[in-house]
Each structure stands twice: as C-alpha cells, then as structure tokens.
>>> print(open('entry16.cif').read())   # mmCIF, C-alpha atoms
data_protein
loop_
_atom_site.label_atom_id
_atom_site.label_comp_id
_atom_site.auth_asym_id
_atom_site.auth_seq_id
_atom_site.Cartn_x
_atom_site.Cartn_y
_atom_site.Cartn_z
CA MET A 232 31.82 5.38 -5.94
CA ASP A 233 32.03 2.63 -3.38
CA ALA A 234 35.30 0.74 -3.15
CA LYS A 235 35.79 -2.15 -5.55
CA GLY A 236 34.66 -5.39 -3.94
CA SER A 237 32.30 -3.66 -1.52
CA LYS A 238 29.64 -5.97 -0.15
CA GLN A 239 27.09 -3.15 -0.20
CA VAL A 240 26.65 -0.46 -2.83
CA ASN A 241 24.47 2.47 -1.79
CA ILE A 242 21.85 3.40 -4.35
CA VAL A 243 19.46 6.29 -3.83
CA GLY A 244 15.99 4.81 -4.16
CA ILE A 245 16.96 1.27 -3.18
CA ASN A 246 17.88 2.45 0.31
CA ASP A 247 14.79 4.65 0.57
CA LYS A 248 13.83 4.20 4.21
CA ARG A 249 10.46 5.86 3.76
CA GLN A 250 7.78 3.78 5.39
CA ILE A 251 4.25 3.31 4.16
CA THR A 252 1.08 1.66 5.36
CA ALA A 253 -0.90 -0.53 2.98
CA LEU A 254 -4.55 -1.10 3.77
CA LEU A 255 -5.79 -4.25 2.06
CA THR A 256 -9.39 -5.33 1.57
CA ILE A 257 -10.74 -8.63 0.35
CA SER A 258 -14.33 -9.54 -0.47
CA LYS A 259 -16.08 -12.68 0.70
CA SER A 260 -15.77 -14.00 -2.86
CA GLY A 261 -11.99 -13.60 -2.69
CA VAL A 262 -11.60 -10.41 -4.73
CA LEU A 263 -8.64 -8.35 -3.51
CA LEU A 264 -9.68 -4.72 -3.83
CA PRO A 265 -7.14 -2.07 -4.82
CA PRO A 266 -5.03 -1.09 -1.80
CA GLN A 267 -4.87 2.19 0.04
CA ILE A 268 -1.20 3.21 0.30
CA ILE A 269 -0.48 5.81 2.99
CA TYR A 270 2.70 7.92 2.87
CA ALA A 271 4.02 10.21 5.59
CA GLY A 272 3.25 13.85 4.89
CA THR A 273 0.53 16.46 4.96
CA THR A 274 -0.07 17.08 1.23
CA GLU A 275 0.10 15.18 -2.04
CA GLN A 276 3.67 16.46 -2.41
CA CYS A 277 4.78 13.57 -0.16
CA HIS A 278 3.49 11.00 -2.66
CA PRO A 279 6.11 9.40 -4.88
CA LYS A 280 6.23 10.52 -8.50
CA TYR A 281 5.68 6.93 -9.61
CA GLU A 282 2.40 6.44 -11.49
CA PHE A 283 0.40 3.87 -9.54
CA PRO A 284 -2.57 2.07 -11.08
CA LYS A 285 -5.50 4.49 -11.19
CA SER A 286 -7.64 2.21 -9.02
CA TRP A 287 -5.18 2.43 -6.10
CA ASN A 288 -5.89 4.94 -3.36
CA ILE A 289 -2.67 6.84 -2.67
CA TYR A 290 -3.05 9.03 0.38
CA HIS A 291 -1.08 10.44 3.31
CA SER A 292 -1.08 11.06 7.02
CA GLU A 293 1.40 12.94 9.15
CA ASN A 294 3.22 9.73 10.18
CA HIS A 295 2.08 7.26 7.43
CA TRP A 296 -0.25 5.49 9.85
CA SER A 297 -3.90 4.77 9.30
CA ASN A 298 -6.16 7.14 11.21
CA THR A 299 -9.71 8.48 11.09
CA ASP A 300 -8.97 10.76 8.12
CA THR A 301 -7.35 7.97 6.07
CA MET A 302 -10.24 5.63 6.94
CA LEU A 303 -12.78 8.19 5.72
CA HIS A 304 -10.77 8.58 2.51
CA TYR A 305 -10.66 4.78 2.14
CA ILE A 306 -14.42 4.47 2.67
CA GLU A 307 -15.22 7.23 0.17
CA HIS A 308 -12.75 6.22 -2.56
CA LEU A 309 -12.53 2.43 -2.27
CA LEU A 310 -15.10 0.72 -0.09
CA VAL A 311 -18.32 2.55 -1.02
CA PRO A 312 -17.59 2.51 -4.78
CA TYR A 313 -16.89 -1.23 -4.62
CA VAL A 314 -20.07 -1.95 -2.65
CA THR A 315 -22.13 0.27 -4.98
CA ASP A 316 -20.71 -1.50 -8.07
CA LYS A 317 -21.47 -4.90 -6.52
CA ARG A 318 -25.04 -3.88 -5.73
CA ASP A 319 -25.48 -2.75 -9.35
CA GLU A 320 -23.82 -5.87 -10.75
CA LEU A 321 -26.05 -8.14 -8.66
CA ASP A 322 -29.14 -6.01 -9.36
CA LEU A 323 -29.62 -5.33 -5.65
CA PRO A 324 -31.32 -2.24 -4.20
CA LEU A 325 -29.04 0.60 -3.09
CA LYS A 326 -30.18 0.00 0.49
CA GLN A 327 -29.09 -3.68 0.43
CA PRO A 328 -26.91 -4.04 3.55
CA ALA A 329 -23.24 -4.89 3.14
CA LEU A 330 -20.90 -6.16 5.84
CA ALA A 331 -17.38 -5.02 6.75
CA ILE A 332 -15.14 -6.83 9.23
CA PHE A 333 -12.72 -4.60 11.13
CA ASP A 334 -10.44 -5.00 14.11
CA VAL A 335 -11.01 -2.73 17.11
CA PHE A 336 -8.46 -0.10 16.02
CA SER A 337 -9.73 3.29 17.25
CA ALA A 338 -10.14 4.78 13.75
CA HIS A 339 -12.46 1.90 12.83
CA ARG A 340 -14.70 2.82 15.77
CA HIS A 341 -14.67 6.60 15.35
CA ALA A 342 -18.13 8.22 15.09
CA SER A 343 -17.38 9.84 11.70
CA VAL A 344 -16.23 6.50 10.25
CA LEU A 345 -19.29 4.71 11.60
CA ASP A 346 -21.51 7.48 10.22
CA ALA A 347 -19.94 7.19 6.73
CA LEU A 348 -20.46 3.41 6.80
CA HIS A 349 -24.05 3.81 8.06
CA ARG A 350 -24.88 6.27 5.23
CA ALA A 351 -23.67 3.62 2.73
CA ASN A 352 -25.65 0.91 4.58
CA ILE A 353 -22.48 -1.00 5.44
CA LYS A 354 -22.79 -2.87 8.72
CA VAL A 355 -19.68 -3.45 10.85
CA VAL A 356 -18.59 -6.52 12.77
CA TYR A 357 -15.53 -6.17 14.99
CA VAL A 358 -12.95 -8.87 15.59
CA PRO A 359 -12.29 -8.90 19.35
CA ALA A 360 -8.99 -7.43 20.56
CA GLY A 361 -6.17 -9.96 20.50
CA CYS A 362 -7.98 -12.25 18.05
CA THR A 363 -7.11 -10.80 14.64
CA ASP A 364 -4.48 -13.48 14.00
CA GLN A 365 -7.23 -16.10 14.42
CA LEU A 366 -10.38 -14.40 13.11
CA GLN A 367 -9.47 -11.59 10.68
CA PRO A 368 -9.63 -13.02 7.13
CA LEU A 369 -6.75 -10.89 5.78
CA ASP A 370 -4.48 -11.70 8.71
CA LEU A 371 -5.14 -15.41 8.30
CA ARG A 372 -3.83 -15.64 4.74
CA VAL A 373 -3.48 -12.60 2.52
CA ASN A 374 -1.32 -10.10 4.47
CA LYS A 375 1.69 -12.37 4.94
CA VAL A 376 1.64 -13.61 1.34
CA TYR A 377 1.25 -10.04 0.04
CA LYS A 378 4.13 -8.74 2.18
CA ASP A 379 6.38 -11.67 1.20
CA ILE A 380 5.74 -11.06 -2.51
CA LEU A 381 6.43 -7.33 -2.18
CA ARG A 382 9.60 -7.96 -0.18
CA THR A 383 10.87 -10.49 -2.76
CA LYS A 384 10.07 -8.22 -5.73
CA PHE A 385 11.83 -5.29 -4.05
CA GLN A 386 14.91 -7.38 -3.22
CA ASP A 387 15.02 -8.83 -6.76
CA CYS A 388 14.80 -5.34 -8.23
CA GLY A 389 17.56 -4.10 -5.90
CA ARG A 390 19.88 -6.95 -6.88
CA PHE A 391 19.14 -6.27 -10.57
CA ILE A 392 19.97 -2.55 -10.28
CA VAL A 393 23.15 -3.23 -8.27
CA GLY A 394 24.23 -5.76 -10.93
CA ILE A 395 23.72 -3.23 -13.74
CA ALA A 396 25.59 -0.51 -11.83
CA GLU A 397 28.53 -2.83 -11.11
CA LYS A 398 28.69 -3.88 -14.78
CA GLU A 399 28.56 -0.25 -15.96
CA GLU A 400 31.35 0.64 -13.54
CA ARG A 401 33.53 -2.23 -14.84
CA LEU A 402 32.91 -1.09 -18.43
CA GLY A 403 33.84 2.50 -17.54
CA TYR A 404 30.41 3.99 -18.21
CA LEU A 405 30.33 5.71 -14.83
CA LYS A 406 33.69 7.54 -15.12
CA GLY A 407 33.48 11.17 -14.17
CA TYR A 408 30.86 10.69 -11.48
CA SER A 409 32.18 12.04 -8.19
CA ASP A 410 29.13 11.11 -6.13
CA THR A 411 29.54 8.37 -3.55
CA GLU A 412 26.15 6.94 -4.47
CA TYR A 413 24.58 5.93 -7.73
CA VAL A 414 21.38 7.80 -8.40
CA LEU A 415 18.35 5.74 -9.25
CA ILE A 416 15.70 7.77 -11.02
CA CYS A 417 13.04 5.14 -11.49
CA CYS A 418 12.79 1.39 -11.09
CA ARG A 419 9.77 -0.61 -12.16
CA CYS A 420 9.99 -4.20 -11.01
CA LYS A 421 7.75 -6.71 -12.73
#
>>> encode(input="entry16.cif", output="structure tokens")
Amino acid sequence: MDAKGSKQVNIVGINDKRQITALLTISKSGVLLPPQIIYAGTTEQCHPKYEFPKSWNIYHSENHWSNTDTMLHYIEHLLVPYVTDKRDELDLPLKQPALAIFDVFSAHRHASVLDALHRANIKVVYVPAGCTDQLQPLDLRVNKVYKDILRTKFQDCGRFIVGIAEKEERLGYLKGYSDTEYVLICCRCK
C-alpha cells in the first residue's frame, strides 16, 4: 500500500501507459462514424479484453501508428460499408462516386490504399501539407473536442477509483494485501 496521505496512489490500469491511435471519420452531414482504435502489437492478443461496441474497428500495428495496413483495414471495415449503406439508403447506384478528404500522410497515398478506394468508387481529395489545421474538417472542430472529452472521462474515472480505494483502505477492507499497488480489473466510465 502507498503511505497514508500520499498525493498519488498507483493503480494498475489507471497508470496504463499504453498508447493508442484513434482514427476518426465524419460525414458531410455531420455523422461521426465509429472509430478505428489502433493498439501496439502484431496480433489480436495486444487488444484489451474490454468489450468495445461492435461497430468500432479495433486493430493493431507494431507501434500503434496508422500505416498502410491499418488504412486498408479501415477502408474495408469502416469506410466502404458506410458508403455502401449510404448509397443503399439514398437509393443511389453502387457506382455513385463518394468523396474522402485525407491529409498527405504517406499511408493515405499508398498505391494499395488508392486501389481499394478506387474499387469502391471513392474519390480522394488531399489537404495540402501544413494546412490540416485550417482545411481538414476533423482537425477544425471534432478532434480536439473528442480528445478533451476522453481525457476528462478518464480523469474522472481515475479519481473515482482512487476515492473508492482510499475509502476501502480506511474501512480496513484491504488488510492482508501486501502489494504496493491496487489492482484494477475493469473500469467502465460513463
């Protein structure tokens, strides 16, 4: 246990330093599509055991960064199904062109990515380098708000768990534990 009066109490799970990448997509009508969450690893074993919403695309790359492979997975599992559903919903032909706006990140320009988009009849417009903060729709509004909400929810959840652990320690519920850290099995913040 940490010393009484400690300013910081270590909790496994709260101090998880694992980094992820979240790829967000928004439609012209303002619909935020399910995100692609990328964890570091080479197999599904690196994914957390938490059950994400089924519509989310949980994937991985060696370093948790977006790359050509993750972009192809995103196109196949998120973008093309969304565009296909929209074409059906609007009673449009399957060959009705769609438009995607990307920055000039190398994975967005890779031949296999462009080929996958072409096969789905999705045209690409690139935001010029150095202009995403002015021209990329997600960078203009959504990304910062999304990150701020996630950060706040995570911090609120952490404070809640620390408060419970401190109360349980005061009431003697944690006697007999010799670990220096509390173990957090699962935390769902709402």
>>> resolve_selection(input="entry16.cif", expression="the PyMOL selection byres ((chain A and resi 328) around 7)", output="number ranges by chain")
A: 326-327, 329-330, 352-354
>>> resolve_selection(input="entry16.cif", expression="the PyMOL selection byres ((chain A and resi 251) around 7)", output="compact mmCIF listing (two decimals) with C-alpha atoms, in the frame of the given file")
# COMPACT_ATOMS: atom_id res chain seq x y z
CA ARG A 249 10.46 5.86 3.76
CA GLN A 250 7.78 3.78 5.39
CA THR A 252 1.08 1.66 5.36
CA ALA A 253 -0.90 -0.53 2.98
CA ILE A 268 -1.20 3.21 0.30
CA ILE A 269 -0.48 5.81 2.99
CA TYR A 270 2.70 7.92 2.87
CA HIS A 295 2.08 7.26 7.43
>>> resolve_selection(input="entry16.cif", expression="the PyMOL selection byres ((chain A and resi 303-308) around 12)", output="NGL selection string")
:A and (253-256 or 264-269 or 285-292 or 297-302 or 309-315 or 331 or 338-353)
>>> write_last_selection(input="entry16.cif", atoms="C-alpha atoms", output="PDB file, in the frame of the given file")
ATOM      1  CA  ALA A 253      -0.900  -0.530   2.980  1.00  0.00           C
ATOM      2  CA  LEU A 254      -4.550  -1.100   3.770  1.00  0.00           C
ATOM      3  CA  LEU A 255      -5.790  -4.250   2.060  1.00  0.00           C
ATOM      4  CA  THR A 256      -9.390  -5.330   1.570  1.00  0.00           C
ATOM      5  CA  LEU A 264      -9.680  -4.720  -3.830  1.00  0.00           C
ATOM      6  CA  PRO A 265      -7.140  -2.070  -4.820  1.00  0.00           C
ATOM      7  CA  PRO A 266      -5.030  -1.090  -1.800  1.00  0.00           C
ATOM      8  CA  GLN A 267      -4.870   2.190   0.040  1.00  0.00           C
ATOM      9  CA  ILE A 268      -1.200   3.210   0.300  1.00  0.00           C
ATOM     10  CA  ILE A 269      -0.480   5.810   2.990  1.00  0.00           C
ATOM     11  CA  LYS A 285      -5.500   4.490 -11.190  1.00  0.00           C
ATOM     12  CA  SER A 286      -7.640   2.210  -9.020  1.00  0.00           C
ATOM     13  CA  TRP A 287      -5.180   2.430  -6.100  1.00  0.00           C
ATOM     14  CA  ASN A 288      -5.890   4.940  -3.360  1.00  0.00           C
ATOM     15  CA  ILE A 289      -2.670   6.840  -2.670  1.00  0.00           C
ATOM     16  CA  TYR A 290      -3.050   9.030   0.380  1.00  0.00           C
ATOM     17  CA  HIS A 291      -1.080  10.440   3.310  1.00  0.00           C
ATOM     18  CA  SER A 292      -1.080  11.060   7.020  1.00  0.00           C
ATOM     19  CA  SER A 297      -3.900   4.770   9.300  1.00  0.00           C
ATOM     20  CA  ASN A 298      -6.160   7.140  11.210  1.00  0.00           C
ATOM     21  CA  THR A 299      -9.710   8.480  11.090  1.00  0.00           C
ATOM     22  CA  ASP A 300      -8.970  10.760   8.120  1.00  0.00           C
ATOM     23  CA  THR A 301      -7.350   7.970   6.070  1.00  0.00           C
ATOM     24  CA  MET A 302     -10.240   5.630   6.940  1.00  0.00           C
ATOM     25  CA  LEU A 309     -12.530   2.430  -2.270  1.00  0.00           C
ATOM     26  CA  LEU A 310     -15.100   0.720  -0.090  1.00  0.00           C
ATOM     27  CA  VAL A 311     -18.320   2.550  -1.020  1.00  0.00           C
ATOM     28  CA  PRO A 312     -17.590   2.510  -4.780  1.00  0.00           C
ATOM     29  CA  TYR A 313     -16.890  -1.230  -4.620  1.00  0.00           C
ATOM     30  CA  VAL A 314     -20.070  -1.950  -2.650  1.00  0.00           C
ATOM     31  CA  THR A 315     -22.130   0.270  -4.980  1.00  0.00           C
ATOM     32  CA  ALA A 331     -17.380  -5.020   6.750  1.00  0.00           C
ATOM     33  CA  ALA A 338     -10.140   4.780  13.750  1.00  0.00           C
ATOM     34  CA  HIS A 339     -12.460   1.900  12.830  1.00  0.00           C
ATOM     35  CA  ARG A 340     -14.700   2.820  15.770  1.00  0.00           C
ATOM     36  CA  HIS A 341     -14.670   6.600  15.350  1.00  0.00           C
ATOM     37  CA  ALA A 342     -18.130   8.220  15.090  1.00  0.00           C
ATOM     38  CA  SER A 343     -17.380   9.840  11.700  1.00  0.00           C
ATOM     39  CA  VAL A 344     -16.230   6.500  10.250  1.00  0.00           C
ATOM     40  CA  LEU A 345     -19.290   4.710  11.600  1.00  0.00           C
ATOM     41  CA  ASP A 346     -21.510   7.480  10.220  1.00  0.00           C
ATOM     42  CA  ALA A 347     -19.940   7.190   6.730  1.00  0.00           C
ATOM     43  CA  LEU A 348     -20.460   3.410   6.800  1.00  0.00           C
ATOM     44  CA  HIS A 349     -24.050   3.810   8.060  1.00  0.00           C
ATOM     45  CA  ARG A 350     -24.880   6.270   5.230  1.00  0.00           C
ATOM     46  CA  ALA A 351     -23.670   3.620   2.730  1.00  0.00           C
ATOM     47  CA  ASN A 352     -25.650   0.910   4.580  1.00  0.00           C
ATOM     48  CA  ILE A 353     -22.480  -1.000   5.440  1.00  0.00           C
TER      49      ILE A 353
END
>>> atom_distance(input="entry16.cif", atom1="CA of Asp334 (chain A)", atom2="CA of Ala360 (chain A)")
7.0 Å
>>> atom_distance(input="entry16.cif", atom1="CA of Ala271 (chain A)", atom2="CA of Trp296 (chain A)")
7.7 Å
>>> closest_residue(input="entry16.cif", among="A:Leu323, A:Lys317, A:Glu275, A:Ile332", to="Gln367 (chain A)", atoms="all atoms listed in the file")
A:Ile332
>>> axis_aligned_box(input="entry16.cif", around="region 369-381 of chain A", padding_each_side="8 Å", output="AutoDock Vina command-line options")
--center_x -0.2 --center_y -11.5 --center_z 3.1 --size_x 29.2 --size_y 24.3 --size_z 27.2
>>> atom_distance(input="entry16.cif", atom1="CA of Val376 (chain A)", atom2="CA of Glu293 (chain A)")
27.7 Å
